[in-house]
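**Student:** final.txt is reproduced in full below (compact mmCIF, C-alpha atoms).
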# COMPACT_ATOMS: atom_id res chain seq x y z
CA MET P 1 229.73 -88.73 -1.87
CA THR P 2 230.38 -87.47 -5.42
CA ASN P 3 232.74 -89.40 -7.64
CA ALA P 4 235.48 -86.83 -8.37
CA LEU P 5 237.29 -87.60 -11.59
CA PRO P 6 241.02 -87.00 -12.02
CA SER P 7 241.95 -83.82 -13.86
CA PRO P 8 243.51 -84.07 -17.36
CA GLU P 9 246.83 -82.85 -15.87
CA THR P 10 246.82 -85.73 -13.39
CA VAL P 11 246.08 -88.25 -16.13
CA VAL P 12 248.87 -86.80 -18.32
CA ILE P 13 251.45 -86.81 -15.49
CA ILE P 14 250.61 -90.35 -14.36
CA SER P 15 250.51 -91.65 -17.93
CA ALA P 16 253.84 -90.02 -18.73
CA PHE P 17 255.40 -91.45 -15.57
CA ALA P 18 253.98 -94.92 -16.31
CA SER P 19 255.20 -94.87 -19.92
CA ILE P 20 258.72 -93.70 -19.10
CA TYR P 21 259.04 -96.04 -16.13
CA MET P 22 257.79 -99.02 -18.15
CA LEU P 23 260.20 -98.22 -20.97
CA VAL P 24 263.11 -98.07 -18.52
CA LEU P 25 262.03 -101.38 -16.99
CA LEU P 26 261.60 -102.96 -20.41
CA ARG P 27 265.08 -101.82 -21.45
CA LYS P 28 266.64 -103.27 -18.31
CA THR P 29 264.70 -106.52 -18.78
CA LEU P 30 265.92 -106.81 -22.36
CA GLN P 31 269.45 -106.16 -21.12
CA GLY P 32 269.02 -109.10 -18.77
CA LYS P 33 269.20 -107.05 -15.56
CA PHE P 34 265.68 -108.16 -14.54
CA ASP P 35 263.82 -111.36 -15.29
CA LEU P 36 260.18 -111.44 -16.36
CA TYR P 37 258.95 -111.83 -12.77
CA ASP P 38 260.89 -108.74 -11.64
CA PHE P 39 259.58 -106.82 -14.64
CA MET P 40 255.96 -107.69 -13.86
CA MET P 41 256.20 -106.92 -10.14
CA LEU P 42 258.12 -103.67 -10.60
CA SER P 43 255.83 -102.51 -13.39
CA MET P 44 252.88 -102.68 -10.97
CA VAL P 45 254.17 -99.39 -9.50
CA ALA P 46 253.21 -97.82 -12.84
CA ILE P 47 250.27 -99.98 -13.86
CA ILE P 48 248.18 -99.65 -10.69
CA PRO P 49 248.22 -95.81 -10.45
CA ALA P 50 247.72 -95.59 -14.22
CA GLY P 51 244.73 -97.90 -13.96
CA PHE P 52 243.22 -95.73 -11.24
CA ALA P 53 243.84 -92.52 -13.21
CA LEU P 54 242.74 -93.77 -16.64
CA PHE P 55 239.72 -95.77 -15.47
CA PRO P 56 238.31 -93.79 -12.52
CA ASN P 57 234.94 -95.52 -12.66
CA LEU P 58 236.66 -98.87 -12.26
CA ALA P 59 238.52 -97.43 -9.26
CA TYR P 60 235.25 -96.35 -7.68
CA LEU P 61 233.71 -99.73 -8.37
CA VAL P 62 236.63 -101.49 -6.67
CA SER P 63 236.49 -99.17 -3.66
CA HIS P 64 232.74 -99.73 -3.44
CA LEU P 65 233.17 -103.51 -3.62
CA THR P 66 235.88 -103.52 -0.97
CA GLY P 67 233.96 -101.14 1.29
CA VAL P 68 236.73 -98.57 1.31
CA VAL P 69 235.58 -94.93 1.06
CA PHE P 70 238.57 -93.49 -0.77
CA PRO P 71 239.84 -95.18 -3.96
CA PHE P 72 243.43 -94.06 -3.31
CA VAL P 73 243.44 -96.18 -0.15
CA VAL P 74 242.64 -99.20 -2.31
CA MET P 75 245.38 -98.14 -4.71
CA PHE P 76 247.99 -97.88 -1.94
CA GLY P 77 246.73 -101.14 -0.46
CA ALA P 78 247.23 -102.87 -3.81
CA LEU P 79 250.70 -101.33 -4.17
CA PHE P 80 251.69 -102.47 -0.67
CA LEU P 81 250.43 -105.95 -1.47
CA VAL P 82 252.61 -106.10 -4.58
CA VAL P 83 255.63 -104.69 -2.74
CA PHE P 84 255.28 -107.17 0.14
CA ALA P 85 254.79 -110.11 -2.25
CA PHE P 86 257.90 -108.99 -4.12
CA MET P 87 259.89 -108.57 -0.87
CA HIS P 88 258.73 -111.95 0.39
CA ASN P 89 259.97 -113.71 -2.72
CA MET P 90 263.14 -111.66 -2.79
CA THR P 91 263.95 -112.53 0.83
CA ALA P 92 263.44 -116.23 0.13
CA ARG P 93 265.60 -115.95 -2.98
CA LEU P 94 268.34 -114.08 -1.07
CA HIS P 95 268.44 -116.75 1.64
CA ARG P 96 268.68 -119.49 -0.95
CA LEU P 97 271.50 -117.66 -2.72
CA GLU P 98 273.24 -117.05 0.61
CA ARG P 99 273.16 -120.77 1.40
CA GLN P 100 274.42 -121.63 -2.08
CA ASN P 101 277.17 -119.01 -1.80
CA CYS P 102 278.24 -120.42 1.56
CA ALA P 103 278.27 -123.98 0.20
CA LEU P 104 280.29 -122.90 -2.85
CA ILE P 105 282.89 -121.10 -0.73
CA GLN P 106 283.20 -124.18 1.50
CA GLU P 107 283.52 -126.47 -1.52
CA GLN P 108 286.14 -124.23 -3.10
CA SER P 109 288.26 -124.21 0.06
CA LEU P 110 287.98 -127.99 0.50
CA LEU P 111 288.82 -128.66 -3.14
CA ALA P 112 291.83 -126.35 -2.92
CA LEU P 113 292.95 -128.22 0.20
CA GLU P 114 292.48 -131.56 -1.54
CA LEU P 115 294.40 -130.37 -4.59
CA LYS P 116 297.25 -129.11 -2.43
CA ALA P 117 297.34 -132.41 -0.57
CA LYS P 118 297.44 -134.35 -3.84
CA GLU P 119 300.23 -132.16 -5.18
CA SER P 120 302.26 -132.74 -2.08
CA GLY P 121 301.46 -136.46 -2.12
CA ARG P 122 299.46 -136.47 1.11
CA PRO P 123 295.99 -138.12 1.30
CA GLY P 124 293.24 -135.53 1.88
CA GLY P 125 295.50 -133.12 3.70
CA MET X 1 280.09 -146.14 18.00
CA ALA X 2 283.76 -146.24 17.19
CA ASP X 3 286.25 -148.39 19.00
CA MET X 4 287.87 -146.11 21.55
CA SER X 5 291.30 -147.63 21.90
CA LEU X 6 292.98 -144.38 20.89
CA GLY X 7 296.57 -145.04 19.97
CA PRO X 8 299.26 -142.54 20.90
CA GLY X 9 301.05 -143.00 17.60
CA LEU X 10 298.25 -141.66 15.41
CA GLY X 11 300.00 -139.52 12.86
CA SER X 12 298.94 -137.38 9.97
CA SER X 13 300.74 -139.35 7.27
CA ASP X 14 299.22 -142.05 5.10
CA THR X 15 301.38 -144.71 6.73
CA CYS X 16 300.23 -143.66 10.16
CA ARG X 17 296.63 -143.59 8.97
CA SER X 18 296.85 -147.14 7.63
CA ALA X 19 298.57 -148.27 10.80
CA ALA X 20 295.94 -146.62 12.94
CA ARG X 21 293.16 -148.17 10.85
CA GLN X 22 294.69 -151.62 11.22
CA ALA X 23 295.13 -151.15 14.94
CA GLY X 24 291.48 -150.12 15.19
CA ALA X 25 292.38 -146.74 16.62
CA PRO X 26 289.86 -144.03 15.83
CA ARG X 27 290.91 -141.12 13.66
CA VAL X 28 290.45 -137.77 15.36
CA LEU X 29 290.26 -134.46 13.53
CA LEU X 30 290.66 -131.19 15.41
CA VAL X 31 288.78 -128.43 13.61
CA ILE X 32 290.10 -124.99 14.51
CA PRO X 33 288.03 -122.10 13.11
CA CYS X 34 290.03 -118.86 12.96
CA PHE X 35 289.39 -115.27 12.06
CA ASN X 36 292.36 -112.94 12.45
CA GLU X 37 294.05 -115.13 15.05
CA GLU X 38 297.68 -114.74 13.93
CA ALA X 39 298.71 -113.93 17.50
CA SER X 40 297.34 -117.13 19.02
CA ILE X 41 297.07 -119.82 16.34
CA GLY X 42 300.78 -120.64 16.22
CA GLY X 43 300.93 -121.18 19.98
CA LEU X 44 297.81 -123.31 19.94
CA LEU X 45 299.16 -125.59 17.18
CA SER X 46 302.44 -125.92 19.09
CA GLU X 47 300.51 -126.89 22.22
CA ILE X 48 298.59 -129.53 20.25
CA ALA X 49 301.81 -130.92 18.82
CA ALA X 50 303.39 -130.93 22.28
CA ILE X 51 300.67 -133.24 23.58
CA GLY X 52 302.15 -135.89 21.28
CA ARG X 53 298.90 -137.67 20.50
CA GLY X 54 299.22 -137.16 16.76
CA TYR X 55 295.79 -135.66 16.24
CA HIS X 56 294.96 -134.53 12.73
CA THR X 57 294.31 -130.81 12.63
CA LEU X 58 292.46 -128.61 10.19
CA VAL X 59 292.61 -124.85 10.59
CA VAL X 60 289.70 -123.14 8.86
CA ASP X 61 290.76 -119.60 8.04
CA ASP X 62 287.49 -117.70 7.84
CA GLY X 63 288.68 -115.01 5.44
CA SER X 64 291.26 -113.47 7.77
CA SER X 65 292.93 -110.26 6.70
CA ASP X 66 296.03 -110.89 8.82
CA ALA X 67 298.71 -113.60 8.61
CA THR X 68 296.59 -116.34 10.23
CA CYS X 69 296.80 -118.56 7.15
CA ALA X 70 300.57 -118.12 6.78
CA VAL X 71 301.23 -118.83 10.46
CA ALA X 72 298.90 -121.84 10.60
CA SER X 73 299.99 -123.42 7.31
CA CYS X 74 303.50 -123.99 8.72
CA ARG X 75 302.07 -126.53 11.14
CA SER X 76 298.71 -127.72 9.83
CA PRO X 77 296.56 -128.08 6.72
CA VAL X 78 294.51 -124.90 6.27
CA ALA X 79 291.16 -124.56 4.52
CA ARG X 80 291.08 -120.94 3.47
CA LEU X 81 287.60 -119.54 2.91
CA ALA X 82 287.47 -116.91 0.19
CA GLN X 83 285.01 -114.84 2.22
CA ASN X 84 284.18 -114.52 5.89
CA LEU X 85 281.27 -116.93 6.49
CA GLY X 86 281.10 -116.56 10.24
CA ILE X 87 281.77 -119.24 12.84
CA GLY X 88 278.95 -121.49 11.59
CA GLY X 89 280.23 -121.63 8.01
CA ALA X 90 283.82 -122.13 9.18
CA VAL X 91 283.00 -124.97 11.55
CA GLN X 92 280.80 -126.70 8.98
CA THR X 93 283.69 -126.60 6.50
CA GLY X 94 285.75 -128.60 9.00
CA ILE X 95 282.87 -130.99 9.65
CA LYS X 96 282.42 -131.58 5.90
CA TYR X 97 286.13 -132.33 5.67
CA ALA X 98 285.83 -134.80 8.56
CA ALA X 99 282.89 -136.51 6.84
CA ARG X 100 284.71 -136.80 3.49
CA GLN X 101 287.98 -137.97 4.99
CA ASP X 102 286.11 -140.57 7.06
CA PHE X 103 287.20 -139.42 10.50
CA ASP X 104 285.72 -141.16 13.53
CA PHE X 105 285.68 -138.02 15.67
CA CYS X 106 285.67 -134.34 14.96
CA ILE X 107 286.62 -132.06 17.84
CA GLN X 108 286.06 -128.34 17.54
CA ILE X 109 288.37 -126.03 19.44
CA ASP X 110 288.64 -122.26 19.17
CA GLY X 111 291.66 -120.66 17.56
CA ASP X 112 291.84 -117.83 20.12
CA GLY X 113 293.60 -119.98 22.71
CA GLN X 114 290.64 -120.20 25.13
CA HIS X 115 290.61 -123.97 25.00
CA ASP X 116 293.37 -126.01 26.55
CA PRO X 117 294.28 -128.77 24.04
CA ARG X 118 295.01 -131.11 26.94
CA ALA X 119 291.24 -131.22 27.51
CA ILE X 120 290.82 -133.05 24.18
CA GLU X 121 291.80 -136.24 25.94
CA THR X 122 289.16 -135.48 28.60
CA LEU X 123 286.50 -135.35 25.88
CA LEU X 124 287.69 -138.63 24.37
CA ASP X 125 287.79 -140.27 27.81
CA ALA X 126 284.25 -139.08 28.45
CA TYR X 127 283.15 -140.61 25.15
CA ARG X 128 284.95 -143.83 26.02
CA SER X 129 283.11 -144.15 29.33
CA HIS X 130 279.75 -142.75 28.22
CA PRO X 131 279.33 -142.57 24.43
CA THR X 132 276.97 -139.87 23.18
CA ASN X 133 276.81 -138.25 19.75
CA ILE X 134 278.00 -134.88 21.04
CA THR X 135 280.27 -134.35 24.04
CA ILE X 136 280.64 -130.76 25.21
CA GLY X 137 283.51 -129.39 27.25
CA SER X 138 281.63 -127.39 29.91
CA ARG X 139 282.95 -124.51 32.01
CA PHE X 140 279.99 -124.64 34.34
CA ILE X 141 280.23 -128.09 35.91
CA ASP X 142 283.30 -127.43 38.04
CA HIS X 143 283.21 -123.63 37.66
CA SER X 144 286.97 -123.56 37.42
CA GLY X 145 288.99 -121.34 35.10
CA PHE X 146 287.55 -118.55 32.97
CA CYS X 147 283.74 -118.60 33.18
CA SER X 148 282.81 -115.43 31.22
CA THR X 149 281.20 -112.30 32.67
CA PRO X 150 278.24 -112.44 35.14
CA MET X 151 275.98 -110.82 32.52
CA ARG X 152 276.82 -113.47 29.96
CA ARG X 153 276.48 -116.26 32.49
CA ALA X 154 272.94 -115.03 33.21
CA GLY X 155 272.19 -115.13 29.49
CA ILE X 156 273.70 -118.60 29.15
CA ARG X 157 271.48 -119.79 32.02
CA LEU X 158 268.42 -118.66 30.06
CA ILE X 159 269.58 -120.61 27.01
CA VAL X 160 270.20 -123.64 29.24
CA LEU X 161 266.67 -123.39 30.62
CA ALA X 162 265.23 -123.19 27.10
CA LEU X 163 267.27 -126.12 25.75
CA ASN X 164 266.74 -128.41 28.75
CA GLY X 165 263.08 -127.48 28.99
CA LEU X 166 262.19 -127.88 25.32
CA PHE X 167 264.36 -130.82 24.28
CA THR X 168 265.32 -134.23 25.58
CA GLY X 169 268.58 -135.94 24.78
CA GLY X 170 270.87 -134.66 27.50
CA ARG X 171 271.25 -132.12 30.29
CA ILE X 172 273.29 -129.13 29.21
CA THR X 173 275.08 -126.55 31.35
CA ASP X 174 277.28 -124.84 28.75
CA PRO X 175 275.46 -124.51 25.41
CA THR X 176 277.79 -121.80 24.10
CA SER X 177 280.97 -123.80 24.60
CA GLY X 178 282.97 -124.01 21.39
CA MET X 179 284.79 -127.12 22.57
CA ARG X 180 282.87 -130.18 21.56
CA LEU X 181 283.39 -133.67 20.25
CA LEU X 182 281.22 -135.06 17.46
CA ASP X 183 281.01 -138.73 16.64
CA ARG X 184 280.23 -140.15 13.19
CA SER X 185 276.46 -139.64 13.48
CA ALA X 186 276.87 -136.02 14.55
CA ILE X 187 279.48 -135.43 11.83
CA ALA X 188 277.09 -136.78 9.17
CA PHE X 189 274.21 -134.73 10.57
CA PHE X 190 276.10 -131.43 10.77
CA ALA X 191 277.81 -131.92 7.40
CA ARG X 192 274.31 -131.77 5.89
CA SER X 193 273.06 -128.77 7.82
CA TYR X 194 274.65 -126.51 10.37
CA PRO X 195 273.35 -123.16 11.62
CA ALA X 196 275.10 -120.10 10.24
CA ASP X 197 274.06 -117.80 13.08
CA PHE X 198 274.80 -118.54 16.75
CA PRO X 199 275.83 -122.10 15.84
CA GLU X 200 276.78 -123.51 19.25
CA PRO X 201 273.39 -123.37 21.04
CA ILE X 202 271.28 -123.70 17.89
CA SER X 203 273.21 -126.73 16.66
CA LEU X 204 272.43 -128.44 19.97
CA ALA X 205 268.73 -127.71 19.52
CA TRP X 206 268.84 -129.10 15.97
CA ALA X 207 270.79 -132.17 17.08
CA MET X 208 268.48 -132.99 19.99
CA ARG X 209 265.45 -132.43 17.79
CA ALA X 210 266.90 -135.01 15.39
CA GLY X 211 267.37 -137.50 18.24
CA LEU X 212 271.13 -137.15 18.76
CA THR X 213 272.37 -137.47 22.32
CA VAL X 214 274.44 -134.87 24.18
CA SER X 215 276.60 -135.10 27.27
CA GLU X 216 279.08 -132.84 29.01
CA VAL X 217 282.40 -133.14 30.71
CA PRO X 218 284.03 -130.47 32.90
CA VAL X 219 286.90 -128.59 31.28
CA GLU X 220 288.84 -125.54 32.30
CA MET X 221 288.91 -122.66 29.87
CA ARG X 222 291.23 -119.70 29.65
CA ALA X 223 290.66 -116.05 28.88
CA ARG X 224 291.29 -115.08 25.26
CA LYS X 225 294.98 -114.71 24.47
CA ALA X 226 294.35 -112.02 21.87
CA GLY X 227 291.51 -110.13 20.20
CA VAL X 228 288.04 -109.35 21.50
CA SER X 229 284.78 -111.26 21.48
CA SER X 230 282.39 -110.44 18.64
CA ILE X 231 279.46 -110.51 21.09
CA ASP X 232 279.73 -107.64 23.49
CA GLY X 233 277.65 -104.84 24.98
CA ILE X 234 274.26 -104.39 23.39
CA LYS X 235 275.01 -107.27 21.02
CA SER X 236 274.73 -109.64 24.00
CA ALA X 237 271.05 -108.74 24.50
CA SER X 238 270.36 -109.11 20.78
CA TYR X 239 272.23 -112.44 20.81
CA MET X 240 270.10 -113.72 23.69
CA ILE X 241 266.79 -112.77 22.12
CA ARG X 242 267.68 -114.21 18.73
CA VAL X 243 269.11 -117.44 20.15
CA LEU X 244 265.98 -118.00 22.26
CA GLY X 245 263.86 -117.32 19.18
CA TYR X 246 265.82 -119.83 17.10
CA ILE X 247 265.58 -122.46 19.86
CA LEU X 248 261.83 -121.98 20.05
CA LEU X 249 261.62 -122.19 16.27
CA ALA X 250 263.67 -125.40 16.33
CA ARG X 251 261.15 -126.84 18.78
CA LEU X 252 258.19 -125.88 16.60
CA VAL X 253 259.64 -127.06 13.29
CA ARG X 254 259.98 -130.76 12.50
CA ALA X 255 263.40 -132.30 12.01
CA PRO X 256 264.37 -132.26 8.30
Show the structure stored in the file as structure tokens.
**Tutor:**
Amino acid sequence: MTNALPSPETVVIISAFASIYMLVLLRKTLQGKFDLYDFMMLSMVAIIPAGFALFPNLAYLVSHLTGVVFPFVVMFGALFLVVFAFMHNMTARLHRLERQNCALIQEQSLLALELKAKESGRPGG
Amino acid sequence: MADMSLGPGLGSSDTCRSAARQAGAPRVLLVIPCFNEEASIGGLLSEIAAIGRGYHTLVVDDGSSDATCAVASCRSPVARLAQNLGIGGAVQTGIKYAARQDFDFCIQIDGDGQHDPRAIETLLDAYRSHPTNITIGSRFIDHSGFCSTPMRRAGIRLIVLALNGLFTGGRITDPTSGMRLLDRSAIAFFARSYPADFPEPISLAWAMRAGLTVSEVPVEMRARKAGVSSIDGIKSASYMIRVLGYILLARLVRAP
């Protein structure tokens, strides 16, 4: 099988997308909307395709090493891996925040009750 | 285990509390989780007061959008949750309160009027004669009163099979009953962790996994006075599958 190289148009489009996307991500990270971990994981969506387009020989080497015929399958595999790792951590983080949110709401209601009881001179409600 | 000489004069004031403490009478907190129960909560609190046992009550308003809080606060302290946390979060709020205020017993009863407050004494009597960490008011021992739909009963039987087959610590017939008495050990355990989803059956699995004991006593329940159940139709099947999954998970995971 011949190693087909990406056309200059493909390289330009992917590079342009990667640059713009990374700039947007960087801006949002600097604004504090993402932390460094989010920035790194989300930027993989630009870095991985750009790596495959800009270094096609490396892409072929990786596909050869992994035994996959088509390099784009390796690329999508890598992207899925990043997305699932990101989702896994995000789910764990969401659950932790949910538990903390629940505990805070409970605390707030109990403290309000305690305060009300103290104001009215009753012990604990 | 607490001394069970429950005095009839147990009041909600400080004086009554001191008197009850001196007399050795246990302090009982009734936790009443509510979500949009303005039509039934007032009647329930009146029924509790009419019993004349002087139980402490705590209504946990789970982010109701109606006048539940206003109606309940005329007759009982109300812990108002800023957001709807679901039944698990609401009940745990009451349990945390019981733990902090050093109550001997915490009894959960539903705010929809399904539970007859006169059965509270039945739970306490059962504890007096056979102390276990959790005492459940079961509809399915005597099969009297409202016993849910046949479809739900079939589902409950599956949960019963899973709980009794996978855990030791007590034979259960009504794992979804929301009327249950917790003693100090159970209060301390559930104040630390309580399931947010499907709390009644899952909490039993967690408790038995941790070595707490469970018993049941027959009680008669009534149909809801107002509102509709949140678990209906296709949700029942989803409920069953998820509850069985959680019970299995509780069996596989070690106690924290």
**Student:** From the options P:Ile47, P:Leu110, P:Leu79, P:Leu26, which residue's atoms come nearest to chain X, counting all atoms listed in the file?
**Tutor:**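 Of the candidates, the smallest distance to chain X is held by P:Leu110.
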**Student:** From (281.8, -131.7, -3.0), in the file's coordinates, out to 12 Å: which residues are reached, counting all atoms listed in the file? Answer as a list in words.
**Tutor:**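 Residues with an atom close enough to that point: Ala103, Leu104, Ile105, Gln106, Glu107, Gln108, Ser109, Leu110, Leu111, Ala112 and Glu114 of chain P; Thr93, Lys96, Tyr97, Ala99, Arg100, Gln101, Ala191 and Arg192 of chain X.
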**Student:** Mind pulling up the distance from CA of Val69 (chain P) to CA of Phe55 (chain P)?
**Tutor:** 17.1 Å
**Student:** Can you check which residues of chain X have any atom within 12 Å of chain P? Use only C-alpha atoms and format it as JSON, numbers by chain.
**Tutor:** {"X": [12, 13, 14, 15, 16, 17, 18, 29, 56, 57, 58, 59, 60, 61, 62, 63, 73, 75, 76, 77, 78, 79, 80, 81, 82, 83, 84, 85, 86, 87, 88, 89, 90, 91, 92, 93, 94, 95, 96, 97, 98, 99, 100, 101, 102, 103, 191, 192, 193, 194, 195, 196]}
**Student:** Using the selection just defined, write its residues with C-alpha atoms as an mmCIF file, keeping the file's coordinate frame.
**Tutor:**
data_model
loop_
_atom_site.group_PDB
_atom_site.id
_atom_site.type_symbol
_atom_site.label_atom_id
_atom_site.label_comp_id
_atom_site.auth_asym_id
_atom_site.auth_seq_id
_atom_site.Cartn_x
_atom_site.Cartn_y
_atom_site.Cartn_z
ATOM 1 C CA SER X 12 298.940 -137.380 9.970
ATOM 2 C CA SER X 13 300.740 -139.350 7.270
ATOM 3 C CA ASP X 14 299.220 -142.050 5.100
ATOM 4 C CA THR X 15 301.380 -144.710 6.730
ATOM 5 C CA CYS X 16 300.230 -143.660 10.160
ATOM 6 C CA ARG X 17 296.630 -143.590 8.970
ATOM 7 C CA SER X 18 296.850 -147.140 7.630
ATOM 8 C CA LEU X 29 290.260 -134.460 13.530
ATOM 9 C CA HIS X 56 294.960 -134.530 12.730
ATOM 10 C CA THR X 57 294.310 -130.810 12.630
ATOM 11 C CA LEU X 58 292.460 -128.610 10.190
ATOM 12 C CA VAL X 59 292.610 -124.850 10.590
ATOM 13 C CA VAL X 60 289.700 -123.140 8.860
ATOM 14 C CA ASP X 61 290.760 -119.600 8.040
ATOM 15 C CA ASP X 62 287.490 -117.700 7.840
ATOM 16 C CA GLY X 63 288.680 -115.010 5.440
ATOM 17 C CA SER X 73 299.990 -123.420 7.310
ATOM 18 C CA ARG X 75 302.070 -126.530 11.140
ATOM 19 C CA SER X 76 298.710 -127.720 9.830
ATOM 20 C CA PRO X 77 296.560 -128.080 6.720
ATOM 21 C CA VAL X 78 294.510 -124.900 6.270
ATOM 22 C CA ALA X 79 291.160 -124.560 4.520
ATOM 23 C CA ARG X 80 291.080 -120.940 3.470
ATOM 24 C CA LEU X 81 287.600 -119.540 2.910
ATOM 25 C CA ALA X 82 287.470 -116.910 0.190
ATOM 26 C CA GLN X 83 285.010 -114.840 2.220
ATOM 27 C CA ASN X 84 284.180 -114.520 5.890
ATOM 28 C CA LEU X 85 281.270 -116.930 6.490
ATOM 29 C CA GLY X 86 281.100 -116.560 10.240
ATOM 30 C CA ILE X 87 281.770 -119.240 12.840
ATOM 31 C CA GLY X 88 278.950 -121.490 11.590
ATOM 32 C CA GLY X 89 280.230 -121.630 8.010
ATOM 33 C CA ALA X 90 283.820 -122.130 9.180
ATOM 34 C CA VAL X 91 283.000 -124.970 11.550
ATOM 35 C CA GLN X 92 280.800 -126.700 8.980
ATOM 36 C CA THR X 93 283.690 -126.600 6.500
ATOM 37 C CA GLY X 94 285.750 -128.600 9.000
ATOM 38 C CA ILE X 95 282.870 -130.990 9.650
ATOM 39 C CA LYS X 96 282.420 -131.580 5.900
ATOM 40 C CA TYR X 97 286.130 -132.330 5.670
ATOM 41 C CA ALA X 98 285.830 -134.800 8.560
ATOM 42 C CA ALA X 99 282.890 -136.510 6.840
ATOM 43 C CA ARG X 100 284.710 -136.800 3.490
ATOM 44 C CA GLN X 101 287.980 -137.970 4.990
ATOM 45 C CA ASP X 102 286.110 -140.570 7.060
ATOM 46 C CA PHE X 103 287.200 -139.420 10.500
ATOM 47 C CA ALA X 191 277.810 -131.920 7.400
ATOM 48 C CA ARG X 192 274.310 -131.770 5.890
ATOM 49 C CA SER X 193 273.060 -128.770 7.820
ATOM 50 C CA TYR X 194 274.650 -126.510 10.370
ATOM 51 C CA PRO X 195 273.350 -123.160 11.620
ATOM 52 C CA ALA X 196 275.100 -120.100 10.240
#
**Student:** Expressed in Å to a single decimal, how great is the separation between CA of Met221 (chain X) and CA of His115 (chain X)?
**Tutor:**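 We find that CA of Met221 (chain X) and CA of His115 (chain X) lie 5.3 Å from each other.
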**Student:** Interatomic distance between CA of Phe190 (chain X) and CA of Ala207 (chain X)?
**Tutor:** 8.3 Å
**Student:** Report as a PyMOL selection string all protein, DNA and RNA residues lying within 8 Å of Ile109 (chain X), evaluated on only C-alpha atoms, omitting residues in the same chain fewer than 3 positions from it.
**Tutor:** chain X and resi 30-33+115+117+178-180
**Student:** Given the point (276.8, -130.0, 24.9) in the file's coordinates, find the residues that have an atom at most 7 Å from it, counting all atoms listed in the file, and give them as a ChimeraX atom specification.
**Tutor:** /X:134-136,172,174-175,180,204,214-216
**Student:** List the neighbours of Ile156 (chain X) out to 12 Å using only C-alpha atoms; skip same-chain residues closer than 2 positions along the sequence, and give me the result as a count of residues only.
**Tutor:** 32
